[in-house]
Amino acid sequence: MFGIYTQGTSLFQGFTLLNTPVMSMSIDGPNITVDSVRIDNSLGDSMGGHNTDAFDVIGDGVVIKNSWVHNQDDCLAINAASGAGVQFINNTCIGGHGISIATYSTGVVENVLVKDCVVKDSYNGIRIKTQYKSEGGRVSNVVYDNVQFDGVTHFGVAIQQDYLNGGPTGNPISNTPISNIKLVNVQGSVNAGAKSTYILCAPGMCTGFDFNGVDIGPKTASCSGIHPAPLAC
């Protein structure tokens with residue numbers, strides 16, 4: 001694992017990580033920019049790659065841009081972000097679990113921008129997940145702008161409040177509100193049998209969803225616990 005634990009303003013640019021056995025990069029600190037990085041864990045496709053997250057992020061003002069990932073887990077996993085939040089711009093994600101926000105217990109993720117990204121041959125396109133029976137925290141002010149999918153196998157857009165490490169429970173019990181989520185020009189394809197949009201929210205916990213120009217086909221949506229439901233439902 002390549003760990004970044006810096007204070008102040010930092011730039012990490014122009015290098016390759018090849019076939020990491022587990023998570024590739026852990027980013028924990030403020031005002032860190034990662035630019036033009038290639039994470040190639042493609043060998044894991046045939047060798048049982050597991051927990052090969054590309055970018056695990058806890059930070060304020062983290063920017064990841066112009067990068068390319070082939071892995072078997074989350075391309076981006078934001079576990080905590082506040083203040084200036086996280087920007088994920090002009091990146092390509094292949095083969096993993098897509099672009100994720102994952103809060104645990106009382107974690108806070110806010111002020112996130114995902115823009116001009118491509119997700120190919122992945123389990124999810126974009127996903128927000130909060131922990132089953134969480135007691136607090138929040139996810140708020142997240143924008144996905146011009147995210148393109150191709151060959152997503154299970155969920156194009158997934159927002160769920162039933163997450164456990166052993167797998168989702170199907171029962172959304174959560175005290176972690178998800179609010180002000182905006183999707184603009186999120187488009188592309190999911191495979192046969194996949195859900196274009198999957199929303200599973202605890203009562204009253206999901207508000208302010210604005211989907212504009214969302215076109216994921218074929219449309220096979222399943223949405224519950226949110227009123228009014230966004231247009232992609």
# chains A, B, ... in the order shown; residues from 1 in each chain; ligands from 1
$ residues_around --residues "Asp162 (chain A)" --least-positions-apart "6" --cutoff "7 Å" --atoms "only C-alpha atoms" --output "number ranges by chain"
A: 130-132, 168-173
$ closest_atom_pairs --of "region 43-80 of chain A" --to "region 89-102 of chain A" --cutoff "6 Å" --atoms "only C-alpha atoms" --output "Markdown table"
| residue | atom | partner | partner_atom | distance |
| --- | --- | --- | --- | --- |
| A:Lys65 | CA | A:Ile89 | CA | 4.6 |
| A:Asn66 | CA | A:Asn90 | CA | 5.0 |
| A:Ser67 | CA | A:Asn91 | CA | 4.8 |
| A:Trp68 | CA | A:Thr92 | CA | 4.8 |
| A:Val69 | CA | A:Cys93 | CA | 4.9 |
| A:His70 | CA | A:Ile94 | CA | 4.6 |
| A:Asn71 | CA | A:Gly96 | CA | 5.1 |
| A:Gln72 | CA | A:Gly96 | CA | 4.0 |
| A:Asp73 | CA | A:Gly96 | CA | 4.4 |
| A:Asp74 | CA | A:His97 | CA | 4.5 |
| A:Cys75 | CA | A:Gly98 | CA | 5.3 |
| A:Leu76 | CA | A:Ile99 | CA | 4.9 |
| A:Ala77 | CA | A:Ser100 | CA | 4.8 |
| A:Ile78 | CA | A:Ile101 | CA | 4.7 |
| A:Asn79 | CA | A:Ala102 | CA | 5.2 |
$ residues_around --residues "Val57 (chain A)" --least-positions-apart "2" --cutoff "9 Å" --atoms "only C-alpha atoms" --output "NGL selection string"
:A and (25-29 or 55 or 59 or 62 or 76-81 or 86)
$ write_last_selection --atoms "N, CA, C and O atoms" --output "short mmCIF file (atom, residue, chain, number, x, y, z; two decimals), in the first residue's frame"
data_model
loop_
_atom_site.label_atom_id
_atom_site.label_comp_id
_atom_site.auth_asym_id
_atom_site.auth_seq_id
_atom_site.Cartn_x
_atom_site.Cartn_y
_atom_site.Cartn_z
N MET A 25 -3.76 2.88 -2.63
CA MET A 25 -3.37 4.16 -2.04
C MET A 25 -4.31 4.54 -0.91
O MET A 25 -5.53 4.50 -1.06
N SER A 26 -3.73 4.90 0.22
CA SER A 26 -4.47 5.45 1.34
C SER A 26 -4.10 6.92 1.47
O SER A 26 -2.92 7.26 1.64
N ILE A 27 -5.10 7.78 1.36
CA ILE A 27 -4.87 9.23 1.39
C ILE A 27 -5.57 9.78 2.63
O ILE A 27 -6.79 9.71 2.76
N ASP A 28 -4.78 10.31 3.56
CA ASP A 28 -5.32 10.76 4.84
C ASP A 28 -4.64 12.07 5.20
O ASP A 28 -3.53 12.09 5.74
N GLY A 29 -5.30 13.17 4.86
CA GLY A 29 -4.72 14.47 5.16
C GLY A 29 -5.35 15.55 4.33
O GLY A 29 -6.10 15.27 3.39
N PHE A 55 -8.14 4.18 -4.43
CA PHE A 55 -7.94 5.38 -3.61
C PHE A 55 -8.89 5.33 -2.42
O PHE A 55 -10.10 5.46 -2.58
N GLY A 59 -10.19 13.05 4.10
CA GLY A 59 -9.51 14.32 3.94
C GLY A 59 -10.40 15.49 3.64
O GLY A 59 -11.59 15.35 3.41
N VAL A 62 -9.00 17.20 -0.84
CA VAL A 62 -8.25 16.20 -1.62
C VAL A 62 -8.75 16.25 -3.08
O VAL A 62 -9.95 16.25 -3.35
N LEU A 76 -12.68 4.56 -6.15
CA LEU A 76 -12.56 5.60 -5.14
C LEU A 76 -13.46 5.21 -3.98
O LEU A 76 -14.62 4.85 -4.18
N ALA A 77 -12.94 5.26 -2.76
CA ALA A 77 -13.74 5.03 -1.56
C ALA A 77 -13.51 6.21 -0.62
O ALA A 77 -12.42 6.34 -0.05
N ILE A 78 -14.52 7.07 -0.50
CA ILE A 78 -14.43 8.21 0.42
C ILE A 78 -15.07 7.79 1.73
O ILE A 78 -16.27 7.54 1.80
N ASN A 79 -14.26 7.73 2.78
CA ASN A 79 -14.76 7.34 4.10
C ASN A 79 -15.06 8.54 4.99
O ASN A 79 -15.91 8.44 5.89
N ALA A 80 -14.38 9.65 4.76
CA ALA A 80 -14.66 10.88 5.51
C ALA A 80 -14.13 12.05 4.70
O ALA A 80 -13.03 11.99 4.15
N ALA A 81 -14.93 13.11 4.63
CA ALA A 81 -14.51 14.32 3.92
C ALA A 81 -15.33 15.49 4.45
O ALA A 81 -16.54 15.37 4.65
N VAL A 86 -13.83 16.54 -1.35
CA VAL A 86 -13.01 15.75 -2.27
C VAL A 86 -13.47 16.02 -3.69
O VAL A 86 -14.66 16.09 -3.97
#
$ residues_around --residues "Pro230 (chain A)" --least-positions-apart "2" --cutoff "6 Å" --atoms "only C-alpha atoms" --output "ChimeraX atom specification"
/A:211,232-233
$ closest_residue --among "A:Lys129, A:His154, A:Lys219, A:Arg38" --to "Cys206 (chain A)" --atoms "only C-alpha atoms"
A:Lys129
